[in-house]
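Working notes for the structure below.
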2 protein chains.
Amino acid sequence: MKGNFVYCNPTKIYFGDKAQENLSQALSSVGDKVLLVYGNGSIKRNGVYDDVKRALNDAHKKVVELCGVMPNPTLEKLEEGRAVAKENNIDFILAVGGGSVIDYAKSVGVSAWYEGDVWQNFWVNQNEPEEDAKIIPVGAVLTMSGTGSEMNGGTVITNTASKMKLTKVFGSRVMPKFAILNPRYTFSLPKYQMVAGIYDTFSHIMEQYFSDMDGDSTSDYISEGLMRSVIASSRVAMNDPENYEARSNLMWASSLALNTLIGRGKKQDWMPHMIGKAISAHTDATHGMTLSAIAYAYYRHVMPFGLSRFARFARVVWGIPAEGKTEQQLAEEGIEALKDWINEIGAASDILSLGVTNEMIPAIADSTIINEGGFKKLSKAEVIEILEASTK
Amino acid sequence: MKGNFVYCNPTKIYFGDKAQENLSQALSSVGDKVLLVYGNGSIKRNGVYDDVKRALNDAHKKVVELCGVMPNPTLEKLEEGRAVAKENNIDFILAVGGGSVIDYAKSVGVSAWYEGDVWQNFWVNQNEPEEDAKIIPVGAVLTMSGTGSEMNGGTVITNTASKMKLTKVFGSRVMPKFAILNPRYTFSLPKYQMVAGIYDTFSHIMEQYFSDMDGDSTSDYISEGLMRSVIASSRVAMNDPENYEARSNLMWASSLALNTLIGRGKKQDWMPHMIGKAISAHTDATHGMTLSAIAYAYYRHVMPFGLSRFARFARVVWGIPAEGKTEQQLAEEGIEALKDWINEIGAASDILSLGVTNEMIPAIADSTIINEGGFKKLSKAEVIEILEASTK
């Protein structure tokens, strides 16, 4: 654990196939006026909406509903939510859905009572709210796993005018107060969405793992365990999407992959997310698939700058025997194993299939924020090179 | 993740070689009257006491000191602490030390204002405090890692009259509000204590790992990562006790081993702790060493009831090649590897060296609480058998 760090994650998790039975009790300690936020209404078809309404009713809450939160929540939609929250003097926001809905709820909660330009202040300038700022607390009922939004302060908002999809990770004040994680709530999800969530989880872990290669941090050992768990459960879930244990492992691994735990004391990369978010801003492609589509090209590109870590990845995460191989060979075999697994689970392996055209590539590179923290700080030319290599 | 579970760990961790710089700020949100609790005064020789007093001073606290907390805190000492806390109307307890001091502080905090028989109510009958009970919150400055007490609600108290050493694990209300984890604060610890802490950590992980063998829980994959990290760092720290990265990994792994994370959704064993605590109640032996002293005999005894899990332990945690071996052979090699590592780091490998005599064995077995949750529920005769096998 090289660096100094602070770790605090107060989100209370209710996990399991009976998790929703805790919802009305969890709501008992929050204010009366609840904003119920959800997406396109699929929760009305799989029974989740009924469970939630029953709990809100049992807890005697006054409920205002706000639906139609889209997969990549827009600044316009955020403005709508802020207005509704203020007009109704909302005490608590209950998000029912996947990462986009929860991200959106946190974004509304943190910005509803802010007077200035919220996009500029929070997402562009990455400011925290003032210590005495009024923040509307959030709770979550998860119906799709992958983003980890249920257990962190992350909020992703897309500005469609400027084609910028920006993340602001807020501190523990903005993390959900509680989250209901019932793996069965994810069973009705289309396979494409399940796979996107699996790859999103895996990418979160890799993007914290592929940095600081010469250290021997406990965080990396936990990451290796989580990656091994995701691989094992993904193989079960692909063939048997209603396998409870596999789906529950995927759900819990997803929360732990991005609840700030495995990044403690480490530099972090996040460059695949930067490129992936730029792709989504230009195409509205599913987030997890943008990450798998560029993974092979990205990791081949940075491998020479973190060779020993890639060799360890091959050996520990993929179980590839090291004997008789150079570090280079081992590292390459690890990335090939990653590629094979991407194909095996049916995640996207090229960006053309996501709606990207060759002509879009320069503009996507322009929208890509360059991060530091990984093995190699990319130039814009390198981003273009990676995007071009991801068209094959 | 088979079972339904609740997970909530609100302890705020300040970690690193500058962690103590956050102490006065962390104290700013607690009440004025602070009870400063510590052990035999070693903190006055290594500079930790001065750091803490400076922070208390900077935060303008009124401080009452209570020292002399012993390695296995007694019920008599608890009564003293309760009296001091009440007399001085204490707002906050700051524990500076290892697990015993922090356990003690939490025990005082949860019981000071309780009117009845605290030993009977909390430790014997395992009751939680009433919802509206007055609990004095606790913070911790850790100087010895291993027990994990800094990030959980566990409290161990020894009743010397009845020779019972009992644990009560309280919920998140009793967990420390914050903990200062500076790996350098552990450098001056004698090697014997360092090793005891390392083995205590490892045992905490094993006692959550060795259960539910047919499942494929994410929790187990995290446990495997943590065990691999502890093994790697222990080997560095043995030869170079002031290796910062190794000691920091051991410190963080120790907190994560018992902050309730890796036991989520699982049955848990805890039988080695039950036997080890009975040994300490009769001998005052160092806790971690009581666990290593019985480990080989205990795990050989339960191995037949969880063979596949022991084979996985051998393969994943110790990296033992599986090829050409039966599950039985692999499982045995894993336990031999554990034994070799116990000897390598200099942990106790027999109970006679801890002051146990053959004559004490029946009484130790009488003091041993029989747990369920592991692969095999032991009879008292089996406890005696394991203790006898641990004399060699």
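Scheme for the structure tokens: letters A, B, ... for chains in order shown; per-chain residue numbers from 1; ligand numbers from 1 in order shown.
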Quick one: which chain A residues come within 9 Å of chain B, and what is the nearest atom pair for each with the distance in Å to one decimal, counting only C-alpha atoms, rows ordered by chain and ascending number, as a Markdown table?
| residue | atom | partner | partner_atom | distance |
| --- | --- | --- | --- | --- |
| A:Met1 | CA | B:Ser248 | CA | 5.7 |
| A:Lys2 | CA | B:Glu245 | CA | 6.2 |
| A:Gly3 | CA | B:Gly16 | CA | 6.5 |
| A:Asn4 | CA | B:Gly16 | CA | 4.2 |
| A:Phe5 | CA | B:Phe15 | CA | 5.2 |
| A:Val6 | CA | B:Tyr14 | CA | 4.7 |
| A:Tyr7 | CA | B:Ile13 | CA | 5.0 |
| A:Cys8 | CA | B:Lys12 | CA | 4.6 |
| A:Asn9 | CA | B:Pro10 | CA | 5.9 |
| A:Pro10 | CA | B:Pro10 | CA | 4.2 |
| A:Thr11 | CA | B:Cys8 | CA | 6.3 |
| A:Lys12 | CA | B:Cys8 | CA | 4.5 |
| A:Ile13 | CA | B:Tyr7 | CA | 5.0 |
| A:Tyr14 | CA | B:Val6 | CA | 4.7 |
| A:Phe15 | CA | B:Phe5 | CA | 5.2 |
| A:Gly16 | CA | B:Asn4 | CA | 4.2 |
| A:Asp17 | CA | B:Asn4 | CA | 6.7 |
| A:Lys18 | CA | B:Asn4 | CA | 6.8 |
| A:Ala19 | CA | B:Asn4 | CA | 6.9 |
| A:Phe178 | CA | B:Cys8 | CA | 9.0 |
| A:Gly215 | CA | B:Glu245 | CA | 8.0 |
| A:Asp216 | CA | B:Glu245 | CA | 7.5 |
| A:Ser217 | CA | B:Asn249 | CA | 6.3 |
| A:Thr218 | CA | B:Asn249 | CA | 5.4 |
| A:Ser219 | CA | B:Asn249 | CA | 8.5 |
| A:Asp220 | CA | B:Gly225 | CA | 8.2 |
| A:Tyr221 | CA | B:Gly225 | CA | 4.5 |
| A:Ile222 | CA | B:Gly225 | CA | 4.9 |
| A:Ser223 | CA | B:Gly225 | CA | 7.6 |
| A:Glu224 | CA | B:Gly225 | CA | 6.5 |
| A:Gly225 | CA | B:Tyr221 | CA | 4.5 |
| A:Leu226 | CA | B:Ile222 | CA | 6.2 |
| A:Met227 | CA | B:Tyr221 | CA | 8.7 |
| A:Arg228 | CA | B:Tyr221 | CA | 7.0 |
| A:Ser229 | CA | B:Thr218 | CA | 5.6 |
| A:Val230 | CA | B:Thr218 | CA | 8.1 |
| A:Ala232 | CA | B:Asp216 | CA | 8.5 |
| A:Ser233 | CA | B:Asp216 | CA | 8.2 |
| A:Tyr244 | CA | B:Lys2 | CA | 8.2 |
| A:Glu245 | CA | B:Met1 | CA | 5.9 |
| A:Ala246 | CA | B:Asp216 | CA | 8.0 |
| A:Arg247 | CA | B:Met1 | CA | 8.9 |
| A:Ser248 | CA | B:Met1 | CA | 5.6 |
| A:Asn249 | CA | B:Thr218 | CA | 5.4 |
| A:Leu250 | CA | B:Thr218 | CA | 8.1 |
| A:Trp252 | CA | B:Thr218 | CA | 7.3 |
| A:Ala253 | CA | B:Thr218 | CA | 6.5 |
| A:Gly265 | CA | B:Gly16 | CA | 8.5 |
| A:Val316 | CA | B:Val316 | CA | 8.9 |
Can I get the selected residues back with N, CA and C atoms, as a short mmCIF file (atom, residue, chain, number, x, y, z; two decimals), in the first residue's frame?
data_model
loop_
_atom_site.label_atom_id
_atom_site.label_comp_id
_atom_site.auth_asym_id
_atom_site.auth_seq_id
_atom_site.Cartn_x
_atom_site.Cartn_y
_atom_site.Cartn_z
N MET A 1 0.87 -1.16 0.00
CA MET A 1 0.00 0.00 0.00
C MET A 1 0.92 1.23 0.00
N LYS A 2 1.30 1.64 -1.19
CA LYS A 2 2.30 2.72 -1.27
C LYS A 2 1.80 4.06 -0.76
N GLY A 3 0.64 4.48 -1.24
CA GLY A 3 0.21 5.84 -0.95
C GLY A 3 -0.53 5.97 0.37
N ASN A 4 -0.67 7.18 0.84
CA ASN A 4 -1.61 7.48 1.92
C ASN A 4 -3.02 7.52 1.32
N PHE A 5 -3.99 7.05 2.06
CA PHE A 5 -5.35 7.10 1.52
C PHE A 5 -6.38 7.19 2.63
N VAL A 6 -7.58 7.62 2.22
CA VAL A 6 -8.75 7.61 3.09
C VAL A 6 -9.73 6.60 2.49
N TYR A 7 -10.32 5.78 3.33
CA TYR A 7 -11.34 4.84 2.84
C TYR A 7 -12.56 4.94 3.74
N CYS A 8 -13.69 5.20 3.12
CA CYS A 8 -14.93 5.24 3.89
C CYS A 8 -16.07 4.93 2.93
N ASN A 9 -16.76 3.85 3.19
CA ASN A 9 -17.91 3.51 2.36
C ASN A 9 -19.08 3.12 3.25
N PRO A 10 -19.93 4.11 3.55
CA PRO A 10 -21.01 3.86 4.52
C PRO A 10 -22.28 3.25 3.93
N THR A 11 -22.33 3.00 2.62
CA THR A 11 -23.56 2.45 2.02
C THR A 11 -23.94 1.12 2.69
N LYS A 12 -25.19 1.05 3.10
CA LYS A 12 -25.68 -0.19 3.73
C LYS A 12 -26.27 -1.07 2.64
N ILE A 13 -25.72 -2.27 2.51
CA ILE A 13 -26.14 -3.19 1.45
C ILE A 13 -27.09 -4.23 2.03
N TYR A 14 -28.23 -4.38 1.36
CA TYR A 14 -29.13 -5.50 1.65
C TYR A 14 -29.07 -6.42 0.44
N PHE A 15 -28.53 -7.59 0.64
CA PHE A 15 -28.23 -8.46 -0.50
C PHE A 15 -28.96 -9.79 -0.39
N GLY A 16 -29.48 -10.26 -1.52
CA GLY A 16 -30.05 -11.61 -1.56
C GLY A 16 -31.43 -11.63 -2.19
N ASP A 17 -31.97 -12.83 -2.31
CA ASP A 17 -33.26 -12.95 -3.01
C ASP A 17 -34.44 -12.47 -2.17
N LYS A 18 -34.16 -12.10 -0.92
CA LYS A 18 -35.20 -11.49 -0.08
C LYS A 18 -34.83 -10.05 0.28
N ALA A 19 -33.85 -9.48 -0.40
CA ALA A 19 -33.32 -8.17 -0.01
C ALA A 19 -34.41 -7.10 0.05
N PHE A 178 -28.36 3.47 1.16
CA PHE A 178 -28.54 2.02 1.16
C PHE A 178 -28.74 1.56 -0.28
N GLY A 215 4.97 -2.56 -7.45
CA GLY A 215 4.56 -2.72 -6.07
C GLY A 215 3.98 -4.10 -5.83
N ASP A 216 3.65 -4.35 -4.60
CA ASP A 216 3.08 -5.65 -4.24
C ASP A 216 1.89 -5.37 -3.32
N SER A 217 0.95 -4.58 -3.82
CA SER A 217 -0.12 -4.07 -2.98
C SER A 217 -1.20 -5.12 -2.72
N THR A 218 -1.68 -5.15 -1.49
CA THR A 218 -2.82 -6.00 -1.13
C THR A 218 -4.00 -5.74 -2.08
N SER A 219 -4.18 -4.48 -2.48
CA SER A 219 -5.27 -4.14 -3.40
C SER A 219 -5.22 -5.00 -4.67
N ASP A 220 -4.01 -5.24 -5.18
CA ASP A 220 -3.89 -6.02 -6.41
C ASP A 220 -4.27 -7.49 -6.20
N TYR A 221 -3.96 -8.01 -5.04
CA TYR A 221 -4.34 -9.40 -4.75
C TYR A 221 -5.87 -9.53 -4.67
N ILE A 222 -6.51 -8.53 -4.09
CA ILE A 222 -7.98 -8.56 -4.05
C ILE A 222 -8.53 -8.48 -5.47
N SER A 223 -7.94 -7.60 -6.27
CA SER A 223 -8.38 -7.47 -7.67
C SER A 223 -8.26 -8.79 -8.41
N GLU A 224 -7.17 -9.50 -8.19
CA GLU A 224 -7.00 -10.79 -8.87
C GLU A 224 -8.09 -11.77 -8.45
N GLY A 225 -8.42 -11.77 -7.17
CA GLY A 225 -9.50 -12.64 -6.70
C GLY A 225 -10.82 -12.28 -7.36
N LEU A 226 -11.11 -10.98 -7.42
CA LEU A 226 -12.37 -10.54 -8.04
C LEU A 226 -12.42 -10.89 -9.53
N MET A 227 -11.30 -10.71 -10.23
CA MET A 227 -11.30 -11.05 -11.66
C MET A 227 -11.53 -12.54 -11.86
N ARG A 228 -10.89 -13.37 -11.04
CA ARG A 228 -11.09 -14.81 -11.15
C ARG A 228 -12.55 -15.17 -10.89
N SER A 229 -13.16 -14.50 -9.93
CA SER A 229 -14.57 -14.76 -9.63
C SER A 229 -15.48 -14.36 -10.80
N VAL A 230 -15.20 -13.21 -11.39
CA VAL A 230 -16.03 -12.75 -12.51
C VAL A 230 -15.91 -13.71 -13.70
N ALA A 232 -15.13 -16.93 -13.67
CA ALA A 232 -15.80 -18.20 -13.36
C ALA A 232 -17.33 -18.05 -13.45
N SER A 233 -17.86 -17.00 -12.85
CA SER A 233 -19.32 -16.84 -12.84
C SER A 233 -19.87 -16.45 -14.21
N TYR A 244 -28.65 -18.70 -9.96
CA TYR A 244 -28.66 -17.69 -8.90
C TYR A 244 -27.26 -17.39 -8.36
N GLU A 245 -26.51 -18.46 -8.10
CA GLU A 245 -25.20 -18.22 -7.48
C GLU A 245 -24.29 -17.41 -8.42
N ALA A 246 -24.29 -17.77 -9.71
CA ALA A 246 -23.45 -17.03 -10.66
C ALA A 246 -23.88 -15.57 -10.76
N ARG A 247 -25.19 -15.33 -10.88
CA ARG A 247 -25.65 -13.96 -11.01
C ARG A 247 -25.41 -13.17 -9.72
N SER A 248 -25.51 -13.85 -8.58
CA SER A 248 -25.27 -13.14 -7.32
C SER A 248 -23.78 -12.79 -7.18
N ASN A 249 -22.91 -13.71 -7.58
CA ASN A 249 -21.48 -13.39 -7.55
C ASN A 249 -21.16 -12.21 -8.46
N LEU A 250 -21.75 -12.22 -9.65
CA LEU A 250 -21.50 -11.12 -10.59
C LEU A 250 -21.99 -9.80 -10.02
N TRP A 252 -22.34 -8.96 -6.77
CA TRP A 252 -21.53 -8.50 -5.64
C TRP A 252 -20.13 -8.08 -6.11
N ALA A 253 -19.56 -8.83 -7.03
CA ALA A 253 -18.24 -8.46 -7.57
C ALA A 253 -18.32 -7.09 -8.24
N GLY A 265 -4.55 3.17 -2.19
CA GLY A 265 -3.09 3.17 -2.14
C GLY A 265 -2.43 3.02 -3.49
N VAL A 316 -1.73 -15.38 -12.84
CA VAL A 316 -2.63 -15.50 -11.69
C VAL A 316 -4.10 -15.47 -12.12
#
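Residues in contact with B:Val48 at 12 Å, where only C-alpha atoms are counted and same-chain residues fewer than 4 positions away are skipped, are listed as Ala19, Gln20, Glu21, Leu23, Tyr38, Gly41, Ser42, Ile43, Lys44, Val52, Lys53, Arg54, Ala55, Ala95, Val96, Gly97, Val141, Leu142, Thr143, Met144, Ile180, Leu181, Asn182, Pro183, Arg184, Tyr185, Thr186, Phe187 and Ser188 of chain B.
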Neighbours of B:Thr357 within 10 Å (only C-alpha atoms; same-chain residues fewer than 4 positions away dropped), as an NGL selection string?
:B and (283 or 351-353 or 361 or 388 or 391)
Residue selection dump (N, CA and C atoms) as a PDB file, in the first residue's frame:
ATOM      1  N   THR B 283      -3.977 -19.788  30.106  1.00  0.00           N
ATOM      2  CA  THR B 283      -2.521 -19.574  30.114  1.00  0.00           C
ATOM      3  C   THR B 283      -2.103 -18.125  29.907  1.00  0.00           C
ATOM      4  N   ILE B 351       1.302 -26.408  21.558  1.00  0.00           N
ATOM      5  CA  ILE B 351       0.714 -25.679  22.684  1.00  0.00           C
ATOM      6  C   ILE B 351       1.556 -25.756  23.952  1.00  0.00           C
ATOM      7  N   LEU B 352       2.451 -26.731  24.046  1.00  0.00           N
ATOM      8  CA  LEU B 352       3.298 -26.813  25.253  1.00  0.00           C
ATOM      9  C   LEU B 352       4.172 -25.570  25.372  1.00  0.00           C
ATOM     10  N   SER B 353       4.644 -25.084  24.219  1.00  0.00           N
ATOM     11  CA  SER B 353       5.511 -23.898  24.242  1.00  0.00           C
ATOM     12  C   SER B 353       4.756 -22.648  24.686  1.00  0.00           C
ATOM     13  N   ILE B 361      -5.417 -29.953  29.688  1.00  0.00           N
ATOM     14  CA  ILE B 361      -6.200 -30.159  28.456  1.00  0.00           C
ATOM     15  C   ILE B 361      -7.696 -30.371  28.695  1.00  0.00           C
ATOM     16  N   GLU B 388      -4.479 -32.599  22.174  1.00  0.00           N
ATOM     17  CA  GLU B 388      -3.396 -33.573  22.417  1.00  0.00           C
ATOM     18  C   GLU B 388      -2.461 -33.653  21.224  1.00  0.00           C
ATOM     19  N   THR B 391       0.277 -31.009  21.038  1.00  0.00           N
ATOM     20  CA  THR B 391       1.385 -30.967  22.010  1.00  0.00           C
ATOM     21  C   THR B 391       2.673 -31.467  21.381  1.00  0.00           C
TER      22      THR B 391
END
My list of candidates is B:Gly68, B:Gly373, B:Pro321, B:Gly146. Which is closest to B:Trp270 when distances are computed with only C-alpha atoms?
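Comparing B:Gly68, B:Gly373, B:Pro321, B:Gly146 against B:Trp270, the winner is B:Gly373.
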Shell around A:Glu80 at 12 Å using only C-alpha atoms, local window under 6 positions removed, as a JSON list (two decimals) with C-alpha atoms, in the first residue's frame:
[["chain", "number", "residue", "atom", "x", "y", "z"],
["A", 37, "VAL", "CA", -36.67, 7.65, -10.35],
["A", 66, "LEU", "CA", -39.86, 10.67, -12.56],
["A", 67, "CYS", "CA", -39.31, 8.14, -15.33],
["A", 68, "GLY", "CA", -37.60, 8.04, -18.70],
["A", 69, "VAL", "CA", -34.01, 8.18, -17.48],
["A", 73, "PRO", "CA", -28.40, 10.40, -18.84],
["A", 74, "THR", "CA", -28.27, 13.84, -20.43],
["A", 86, "LYS", "CA", -37.01, 21.54, -5.96],
["A", 87, "GLU", "CA", -40.67, 22.11, -6.84],
["A", 104, "TYR", "CA", -28.82, 10.23, -12.44],
["A", 105, "ALA", "CA", -30.39, 10.16, -8.97],
["A", 107, "SER", "CA", -26.57, 13.85, -9.90],
["A", 108, "VAL", "CA", -29.98, 15.31, -9.11],
["A", 111, "SER", "CA", -27.07, 19.53, -7.70],
["A", 112, "ALA", "CA", -30.78, 20.24, -7.11]]
